[in-house]
Every structure is written in structure tokens, then in C-alpha cells.
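Quick notes on the structure that follows.
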Amino acid sequence: MSNPNDSSVHLLGWLWRKYLHKHLWLLLAALGFMALEGSMLGALSWMMGPMFDQVFVAGDHGAIWWVGGAILTIFIVRALASVGQKVLLALISQRSAADMRTELLDHMMEQDSAFHQTHPPGFLIQRVQADVEAVGQVWNAIITGAGRDLVSLIILMGVALSVDWQWTLVACIGTPIMVLPSAIVQKFVRRRAREARDSGAKLATRLDEVFHGIIPVKLNRLEGYQSKRYRDLTGDLVRAEVKAKLGAASIPGLIDIMAGLGFLGVLVFGGAEIIAGEKTIGEFMSFFTAIGFAFEPLRRLGSVTGIWQNAAAAIERIKELLDTQPSLTSPALPKPAPKGTPEIRLENVHLSYGDTKVLNGATLLAPAGKTTALVGASGAGKSTVFNLLTRLVDPQMGKVLIGGTQARDLSLPDLRGLFSVVSQDAALFDETLRENILLGRTDVTEDQLAKVLTAAHVQDFLPKLASGLDTPVGPRGSALSGGQRQRVAIARALLRNTPVLLLDEATSALDAQSEQVVQEALDQLARGRTTLVIAHRLSTVRNADKIVVMDKGRVVDEGTHDDLLARGGIYADLHALQFKTDGPTADSLAQAAQDQRRKGNGKAARGSGDPGETSLLSRISRRLFGR
Ligand SMILES: Nc1ncnc2c1ncn2[C@@H]1O[C@H](COP(=O)(O)OP(=O)(O)OP(=O)(O)O)[C@@H](O)[C@H]1O
Ligand SMILES: [Mg+2]
């Protein structure tokens, strides 16, 4: 909290340089309008003098018209200036909020995956939406304060002083008692505002989790549980917001008390002078109106401090995000991307997440233009290899080489432009099917698209969709089946036409028949490219040029299907498990294991407690699952 970077001046300076500076001319125009609006109050209070003294007291009929006309003009100018400044302010604050939001989005998209694992989407959405909103409010408050309110205050004080400087001094008698309490209140408000912003982010995160996980919530009957968690969190927000409000409102409250003291003083002091005939009623009315008008802008200026503390808490959070630097970035001097079809090599790669070792000296070669399959138990580190290649994560040790160049020496766009990834869960956007396949490209002809659709077998389910290619696919593609989503992902890959293809369980969500057709499409796609395939179903990988067997973060064996079978390691065991019981279409390890167990025991046994049993199954399961 004592961090000098959190000081109001520092934050304001930052805000000014980054977002407001470029709107300088608009700002000056808005300030001009506000000054005009503010000065009209001074003019109005000044007109009280002639109104009382010439019209009411002296009874000058002619004066009614010019005084009345002047007052009408004052109100018309004020109205026009007020409209002008509001429109300009809205323009400035909306434009700078839009800049800030876009910059935040750009910045967050650059962050490492680790950042996104620790900053859930709801939290980030809250930063981009609500926190930027809070900053927008302060621009309005500060600019209006500095423009209209400060100008009116100065002019009104001028009018009051011109009537009587002693009265003015008396009216301001309460001011010194304001200083200390408001300094204390400011700190209090900032602290509460921070809490409110943080619990706002937590609430947004909960909402995001619930809405994204709505199906599991329903199926596990978690509605009551989620609702209670949400309600508990709202309690924190309510407390923080109410306390912040109390603090923020207490400053204008103090100003009110100060005003009361001032009025009392002026009445006692000035009342005596009027009774004694030293001052006219008109002068008193002019003074009284000026001071009366002055308290409103003063109260507003007082509340600016509260609004500012609230916004400062939001700016701190936004700045924190903008100051976070990704570690996975393009090098300063990137090497040129490899030409043609590159080979892919991992050399003694070590990778851990925290204390969890994931890759433990993995070394492998995927020859250029050939298909290499990665097989191994769940958690062996296969998908992690893909993440290393595309630099979603960097290794702690070892080399990741693409066409002889280290992945980290290439610019990120160049590197990622080498790969098409079709993965376990095809991530679709809430757009139409066409947009999901084109992904922003405008250089694809209808002819090319049609070919891709046919090759990826998207064409097969198109007629079932209400508006064909222009059907919206729902949030995360929820209106499509798993297999349909995978075919969309394959179509994307076909269209990208990159030299390297990464297929991570690319056909796992397809039925046997569709798998066969899509597999043909993928085989076609793989031709002439360096392809890495991850698949649990060995039927998918038996034709690969090379099969790499991974276990616990290392490569433990490699060769062709026939080599590996002949050698009789993990791969052979795996193969026996998958093909012995159900034949080549077996698609579930668990199912196969169950069948095997049934066969082995002759009856349905729940976990074989027989210590003498050293069946194929238990050997495999020990290798695969470590038990
Ligand atoms: N971001 C992460 N943070 C911590 N641990 C992770 C992270 N990503 C992966 N892991 C761990 O790394 C290990 C390897 O994961 P990986 O996804 O590479 O396995 P896999 O071989 O692809 O398994 P599967 O066949 O089930 O897809 C797992 O134990 C997993 O828990
Ligand atoms: Mg995986």
C-alpha cells in the first residue's frame, strides 16, 4: 500500500500519458464548455444584486426587462454548454475505455498458458469490463470536477469576495476541520474499494465456472451447492461496497456540516451589518446565493475523492495485469522459419510443472515428411510434447528442434504458422460453422472450401444443419456433436495447409465407420508433411512410419509396428490388450481390461485378489498404471 507506484499522482500520470493525452483537443473543448457552464452560476448569483436593489427595492420598472433578459440568457448558455460538455466527455471516456479494453485483451492474449491457469476467465473478464468501467467514471468525475465545478467555485468565490471579503472568510470558517478526516477517509475508501474489486472478480469467476460447466452442474445436482457458494461470495462484496460507500459519502457529508457552520457565522456577522444599514439586502442576497451555489460544486469535488479512490483501486488492478510480462515471447532477433518440410527433434528435454516432473529426458526424432506416432499411457507426456513444439510451454532443459532450428529461436507467429493441430477437444467459437472453419481468412474461394469440406467429411453432416455452413455452432461448439467438432478441426487443418501436422487423438470422438473415412482424409492430409500422431487406439497408428513409445516422461522404445511387436515391450503388451479380446475395432482400454479379467477368472470377479495371478493383464496394468 505504501508502494509509491500506487500513489494517486503516479496513477493519474499513467492514465494521462497512456489514454487521455491523445484526446487533448477534445478535452480542452470539453473543459471550455464546462468552464462556460460553471461561470454561468457566478453570473446568476451576481445578477441577484441588481434584481434586489434596482427592481425590488428601488422599484425600477425598466430594469425588470434587462435583468430578466440577462437571467434567461444565462440559463440558455448554461443549457447549451452542459449538453456540449456531456457529449464530449462521453466521447472521451468511451474512446479511452475502448482503448484500455482492447489493450488489456491484446496483452492477455500474449500471456503464457501458466498465466491463464492462474487467472481464470471470469477474473479477467471482470478486469476488462467492470474495472475499466470504474476508471471511466473517474474520468467523468475528475474532468467535470476540474472543469465545471472548480471554475464555478472560483467564480462564485470571486462574487462573494467582491461583496465582502470578511463575510467570505467567516463562511469558510469550517474548512480546516475537513482536512484530517478526509485524509483518513481516503485511505479507508481505497482499501474497501480494493476488496470490492477483488470480490467482484471472484464472483465473475464463479459465474463463468457455473455457466461453462452447466451440464456437470445439472448432472451432479450441484445447483444448491453452487448457489450457496455464490451467495457467500456476494456477502463479501456487499460488505466491501457498503463500507466503501460509507467512506465516500462521508466527505460530502463533512462539507455539509462545514456549510452549516459557515451560514450560521455569516448570518450572525452579516445580519448585524444589514440591520445597522451598512450593507444592502441585494448585496446580502448576491453573497448568499454565491455561497449557496458554491456548496454544491464543493460537495461534488468532495465526492470526486471517493470516486477517485474507487477508480484508483481498479487502475492498480489493471496496471498489475498490464505489467505482467509473458515469458514465452518471440526472440529479439528471430531466425528465419525453416523452408519446406522440417524434421522434428527433441533432445534430452526436461520439463516440470512446479515439483511435478512431466518430461524426464525425452529424446525423439520425427523424420521430415513421415508420420510418427506417440503412444503410451495416459499422463506419459504425449500432449506435452505437442505443447513444447508449439511453444505453449518451454522446457527447463534440452532442445526442441524444428528443421534444425530451436523452436525458441523462431518468432512465435512463424513457429505456430508451421503447425496445424487437431486435438482431443476441438475448440470452436460461438460463430457460424463457416467462420469456425475460415478463422478470419478471406483468401479462400468457395471451390477450395467445398473441397476441404468434402475431404474432412464435414459435408456429410451439413445437410442436417438448419442453415448449412451459416449455422451458428453455439458456445464452444455445443450445438455440434464431439465427432462433428473434430471434423471441423480437421477441415481447419486442411485449409491451413502447414508443413507439420499434429494430431492429438484427432479421431477419438468418431464412430468406427466415420473414423475410417476421416482417417483416410487424414492420411491424405499427412502425405508430404511431417506428421505426429497421438492415439490410444493402436489401429490408428499401426501404419505410421515410426512409432515412439513414451512412459513417465521418457521415450522408452521406438520402431515400426512390426519391430515393436517383435520386441515385446510395452507396445506389444498394449497391442495384445487391445486386439486379443475384441478384435481390431476394440476402442476402450477399460472395456478390454474388464473382458480380460472376466476371461481370466471364469467369473465376474471384483479385483482379483489372487497373488499367484501374473496374467498378461496384471503385467500390463502394472506397466501402464503403476499398480
Ligand atoms: N499445466 C499443467 N500443470 C501441471 N501439470 C500438468 C500440466 N499439464 C500437464 N500436466 C501433467 O503432465 C503430465 C503429462 O500430461 P500430458 O497431457 O502430456 O499427458 P498425455 O500423455 O497426453 O496423456 P493423455 O493420453 O491422457 O492425453 C500429467 O501428469 C499432467 O498431470
Ligand atoms: Mg494427451
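Lettering and numbering for the C-alpha cells are positional, with chains as A, B, ... in the shown order, residues counted from 1 in each chain, and ligands counted from 1 in the shown order.
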Write out as a Markdown table a residue-level contact list of chain A versus ligand 1 with cut-off 6 Å: for each qualifying residue the closest pair of atoms and the distance in Å to one decimal, counting only C-alpha atoms and all ligand atoms, rows sorted by chain and residue number upward.
| residue | atom | partner | partner_atom_place_in_ligand_line | distance |
| --- | --- | --- | --- | --- |
| A:Tyr353 | CA | ligand 1 | 4 (C) | 4.8 |
| A:Val358 | CA | ligand 1 | 12 (O) | 4.8 |
| A:Ala377 | CA | ligand 1 | 25 (O) | 5.9 |
| A:Ser378 | CA | ligand 1 | 26 (O) | 3.5 |
| A:Gly379 | CA | ligand 1 | 19 (O) | 3.5 |
| A:Ala380 | CA | ligand 1 | 21 (O) | 3.9 |
| A:Gly381 | CA | ligand 1 | 18 (O) | 3.1 |
| A:Lys382 | CA | ligand 1 | 21 (O) | 3.7 |
| A:Ser383 | CA | ligand 1 | 22 (O) | 3.6 |
| A:Thr384 | CA | ligand 1 | 18 (O) | 3.7 |
Export of the given selection (C-alpha atoms) as an mmCIF file, in the first residue's frame:
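Result written to part-v4.cif:
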data_model
loop_
_atom_site.group_PDB
_atom_site.id
_atom_site.type_symbol
_atom_site.label_atom_id
_atom_site.label_comp_id
_atom_site.auth_asym_id
_atom_site.auth_seq_id
_atom_site.Cartn_x
_atom_site.Cartn_y
_atom_site.Cartn_z
ATOM 1 C CA TYR A 353 5.252 -28.038 -13.574
ATOM 2 C CA VAL A 358 6.395 -34.308 -16.712
ATOM 3 C CA ALA A 377 -0.202 -44.465 -21.004
ATOM 4 C CA SER A 378 -2.351 -41.558 -20.028
ATOM 5 C CA GLY A 379 -0.164 -38.899 -18.409
ATOM 6 C CA ALA A 380 3.019 -40.168 -20.096
ATOM 7 C CA GLY A 381 3.639 -36.691 -21.546
ATOM 8 C CA LYS A 382 2.482 -37.083 -25.141
ATOM 9 C CA SER A 383 0.361 -33.944 -25.376
ATOM 10 C CA THR A 384 3.117 -32.097 -23.545
#
Which polymer residues have any atom within 10 Å of an atom of range 290-304 of chain A, counting only C-alpha atoms, with same-chain residues fewer than 5 positions away left out, as number ranges by chain? A: 38, 41-46, 48, 137-146, 148-161, 163, 168, 171-172, 182, 247-256, 258-259, 262-263, 284-285, 309-310
Restricting the calculation to only C-alpha atoms and all ligand atoms, which member of A:Gly376, A:Gly559, A:Gly361, A:Gly62 is positioned closest to ligand 2? A:Gly376
If we count only C-alpha atoms and set the cut-off at 7 Å, which residues sit around range 66-75 of chain A, ignoring sequence neighbours fewer than 4 positions away in its own chain? Please answer as a list of chain:residue names.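 The neighbour list is A:Met40, A:Leu44, A:Met51, A:Ala79.
Shortest separation to Lys552 in chain A among A:Thr405, A:Gly417, A:Pro395, A:Lys357 occurs at residue A:Lys357, atoms counted being only C-alpha atoms.
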Between CA of Leu105 in chain A and CA of Asp236 in chain A, what is the distance, to one decimal in Å?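 Those two atoms sit 27.6 Å apart.
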Between CA of Ala332 in chain A and CA of Phe419 in chain A, distance in Å (one decimal):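 For CA of Ala332 in chain A relative to CA of Phe419 in chain A, the distance reads 21.8 Å.
For range 323-452 of chain A, backbone-based DSSP assignment of alpha helix (DSSP H) covers Asp323, Lys382, Ser383, Thr384, Val385, Phe386, Asn387, Leu388, Leu389, Leu412, Pro413, Asp414, Leu415, Arg416, Leu433, Arg434, Glu435, Asn436, Ile437, Leu438, Glu446, Asp447, Gln448, Leu449, Ala450, Lys451 and Val452 of chain A.
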Length of the CA of Ile307 in chain A to CA of Gly136 in chain A vector [Å]: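 Pair CA of Ile307 in chain A / CA of Gly136 in chain A returns 10.5 Å.
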Would you pick out the contacts of Ala193 in chain A at 12 Å or less, using only C-alpha atoms, so that residues sharing its chain but fewer than 6 positions from it are not included, and give the list as a PyMOL selection string? chain A and resi 131+134+185-187+199-200+236-248+306-317
Filtering to N, CA and C atoms, could you give me those residues as a short mmCIF file (atom, residue, chain, number, x, y, z; two decimals), in the first residue's frame?
data_model
loop_
_atom_site.label_atom_id
_atom_site.label_comp_id
_atom_site.auth_asym_id
_atom_site.auth_seq_id
_atom_site.Cartn_x
_atom_site.Cartn_y
_atom_site.Cartn_z
N ASP A 131 -13.73 -3.18 -14.18
CA ASP A 131 -12.67 -2.29 -13.71
C ASP A 131 -12.48 -1.12 -14.66
N ALA A 134 -15.14 1.37 -13.98
CA ALA A 134 -14.87 2.22 -12.81
C ALA A 134 -13.89 3.33 -13.16
N VAL A 185 -10.32 9.18 5.59
CA VAL A 185 -11.39 8.54 4.83
C VAL A 185 -10.88 8.02 3.49
N GLN A 186 -9.98 8.78 2.85
CA GLN A 186 -9.48 8.36 1.54
C GLN A 186 -8.82 7.00 1.60
N LYS A 187 -7.97 6.81 2.62
CA LYS A 187 -7.28 5.53 2.75
C LYS A 187 -8.27 4.41 2.96
N SER A 199 -13.48 -9.03 -4.77
CA SER A 199 -14.58 -9.99 -4.64
C SER A 199 -15.47 -9.93 -5.88
N GLY A 200 -15.49 -8.79 -6.56
CA GLY A 200 -16.19 -8.75 -7.85
C GLY A 200 -15.58 -9.75 -8.83
N ASP A 236 -19.43 -10.93 0.85
CA ASP A 236 -18.19 -10.16 0.93
C ASP A 236 -18.29 -8.88 0.11
N LEU A 237 -18.88 -9.03 -1.08
CA LEU A 237 -18.98 -7.87 -1.96
C LEU A 237 -19.88 -6.80 -1.34
N VAL A 238 -21.02 -7.25 -0.81
CA VAL A 238 -21.95 -6.31 -0.20
C VAL A 238 -21.25 -5.54 0.92
N ARG A 239 -20.55 -6.26 1.80
CA ARG A 239 -19.86 -5.60 2.91
C ARG A 239 -18.85 -4.57 2.40
N ALA A 240 -18.02 -4.99 1.44
CA ALA A 240 -16.97 -4.09 0.96
C ALA A 240 -17.57 -2.87 0.27
N GLU A 241 -18.62 -3.10 -0.55
CA GLU A 241 -19.21 -1.97 -1.29
C GLU A 241 -19.87 -0.98 -0.32
N VAL A 242 -20.60 -1.52 0.68
CA VAL A 242 -21.30 -0.61 1.60
C VAL A 242 -20.30 0.20 2.39
N LYS A 243 -19.22 -0.46 2.84
CA LYS A 243 -18.20 0.29 3.60
C LYS A 243 -17.55 1.35 2.73
N ALA A 244 -17.26 0.99 1.47
CA ALA A 244 -16.64 1.97 0.57
C ALA A 244 -17.58 3.15 0.36
N LYS A 245 -18.87 2.84 0.25
CA LYS A 245 -19.85 3.90 0.03
C LYS A 245 -19.90 4.83 1.24
N LEU A 246 -19.91 4.20 2.43
CA LEU A 246 -19.95 4.98 3.66
C LEU A 246 -18.78 5.96 3.68
N GLY A 247 -17.59 5.46 3.36
CA GLY A 247 -16.41 6.32 3.36
C GLY A 247 -16.54 7.42 2.33
N ALA A 248 -16.96 7.03 1.12
CA ALA A 248 -17.01 8.01 0.03
C ALA A 248 -18.05 9.08 0.32
N GLY A 306 -13.70 10.32 -3.33
CA GLY A 306 -14.20 8.95 -3.11
C GLY A 306 -14.21 8.16 -4.40
N ILE A 307 -14.74 8.79 -5.46
CA ILE A 307 -14.79 8.11 -6.76
C ILE A 307 -13.38 7.80 -7.22
N TRP A 308 -12.47 8.75 -6.98
CA TRP A 308 -11.09 8.52 -7.39
C TRP A 308 -10.48 7.33 -6.66
N GLN A 309 -10.71 7.23 -5.35
CA GLN A 309 -10.14 6.10 -4.61
C GLN A 309 -10.65 4.78 -5.16
N ASN A 310 -11.93 4.77 -5.50
CA ASN A 310 -12.54 3.57 -6.07
C ASN A 310 -11.88 3.22 -7.40
N ALA A 311 -11.71 4.25 -8.23
CA ALA A 311 -11.11 4.03 -9.54
C ALA A 311 -9.65 3.67 -9.40
N ALA A 312 -8.97 4.29 -8.41
CA ALA A 312 -7.55 4.00 -8.24
C ALA A 312 -7.36 2.52 -7.95
N ALA A 313 -8.27 1.95 -7.16
CA ALA A 313 -8.19 0.51 -6.88
C ALA A 313 -8.31 -0.28 -8.17
N ALA A 314 -9.21 0.17 -9.05
CA ALA A 314 -9.39 -0.52 -10.33
C ALA A 314 -8.15 -0.34 -11.22
N ILE A 315 -7.60 0.88 -11.22
CA ILE A 315 -6.43 1.14 -12.07
C ILE A 315 -5.25 0.30 -11.60
N GLU A 316 -5.09 0.20 -10.27
CA GLU A 316 -4.00 -0.64 -9.74
C GLU A 316 -4.09 -2.05 -10.30
N ARG A 317 -5.31 -2.60 -10.28
CA ARG A 317 -5.50 -3.98 -10.75
C ARG A 317 -5.22 -4.08 -12.25
#
Nearest residue to Lys86 in chain A from the set A:Gly147, A:Gly354, A:Gly468, A:Gly174 (distances using only C-alpha atoms): A:Gly147
Considering only C-alpha atoms and all ligand atoms, can you say which of A:Ile490, A:Val210, A:Leu374, A:Val170 comes closest to ligand 2?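 The shortest atom-to-atom distance to ligand 2 comes from A:Leu374.
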Contacts of Thr471 in chain A within 7 Å, only C-alpha atoms, excl. fewer than 6 positions in-chain, as a PyMOL selection string: chain A and resi 432-433+465
Store the residues of this selection in a file with C-alpha atoms, as a compact mmCIF listing (two decimals), in the first residue's frame.
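For reference, part08.txt as written:
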# COMPACT_ATOMS: atom_id res chain seq x y z
CA THR A 432 -21.13 -19.83 -37.64
CA LEU A 433 -19.66 -23.05 -38.95
CA LEU A 465 -27.88 -28.27 -40.04
Residue among A:Gly482, A:Pro326, A:Pro472, A:Gly569 lying closest to Asp394 in chain A, counting only C-alpha atoms: A:Pro326
Write out as a ChimeraX atom specification each polymer residue whose atoms come within 7 Å of Asp504 in chain A, counting only C-alpha atoms; drop sequence neighbours fewer than 3 positions from it. /A:383,422-424,533-535
Restricting the output to N, CA, C and O atoms, write the selected residues as an mmCIF file, in the first residue's frame.
data_model
loop_
_atom_site.group_PDB
_atom_site.id
_atom_site.type_symbol
_atom_site.label_atom_id
_atom_site.label_comp_id
_atom_site.auth_asym_id
_atom_site.auth_seq_id
_atom_site.Cartn_x
_atom_site.Cartn_y
_atom_site.Cartn_z
ATOM 1 N N SER A 383 0.882 -35.264 -24.991
ATOM 2 C CA SER A 383 0.361 -33.944 -25.376
ATOM 3 C C SER A 383 1.361 -32.853 -25.016
ATOM 4 O O SER A 383 1.443 -31.823 -25.696
ATOM 5 N N VAL A 422 -4.777 -30.734 -34.507
ATOM 6 C CA VAL A 422 -6.138 -31.237 -34.302
ATOM 7 C C VAL A 422 -6.077 -32.010 -33.002
ATOM 8 O O VAL A 422 -5.309 -32.960 -32.881
ATOM 9 N N SER A 423 -6.841 -31.556 -32.004
ATOM 10 C CA SER A 423 -6.612 -32.130 -30.679
ATOM 11 C C SER A 423 -7.835 -32.814 -30.098
ATOM 12 O O SER A 423 -8.888 -32.866 -30.721
ATOM 13 N N GLN A 424 -7.620 -33.330 -28.866
ATOM 14 C CA GLN A 424 -8.669 -34.065 -28.158
ATOM 15 C C GLN A 424 -9.972 -33.277 -28.124
ATOM 16 O O GLN A 424 -11.029 -33.793 -28.427
ATOM 17 N N VAL A 533 1.364 -38.131 -34.579
ATOM 18 C CA VAL A 533 0.019 -38.595 -34.220
ATOM 19 C C VAL A 533 0.046 -39.147 -32.804
ATOM 20 O O VAL A 533 0.916 -39.958 -32.477
ATOM 21 N N ILE A 534 -0.884 -38.701 -31.995
ATOM 22 C CA ILE A 534 -1.061 -39.337 -30.685
ATOM 23 C C ILE A 534 -2.365 -40.103 -30.759
ATOM 24 O O ILE A 534 -3.385 -39.549 -31.187
ATOM 25 N N ALA A 535 -2.342 -41.362 -30.387
ATOM 26 C CA ALA A 535 -3.602 -42.108 -30.384
ATOM 27 C C ALA A 535 -3.515 -43.239 -29.381
ATOM 28 O O ALA A 535 -2.469 -43.887 -29.244
#
Please report, as a list in words, each residue of range 156-392 of chain A to which DSSP assigns strand (DSSP E or B) when run on this structure's backbone.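 Of range 156-392 of chain A, only Lys335, Ile344, Arg345, Leu346, Glu347, Asn348, Val349, His350, Leu351, Ser352, Tyr353, Thr356, Lys357, Val358, Leu359, Asn360, Gly361, Ala362, Thr363, Leu364, Leu365, Ala366, Thr371, Thr372, Ala373, Leu374, Val375 and Gly376 of chain A fall in strand (DSSP E or B).
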Skipping near chain neighbours, those fewer than 2 positions away, what residues fall within 9 Å of Thr531 in chain A using only C-alpha atoms, listed as a PyMOL selection string? chain A and resi 366-373+499-503+526-529+533
Out of A:Val128, A:Ala493, A:Leu328, A:Leu449, which residue has the shortest atom-to-atom distance to Leu412 in chain A when counting only C-alpha atoms?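 Between A:Val128, A:Ala493, A:Leu328, A:Leu449, the residue approaching Leu412 in chain A most closely is A:Leu328.
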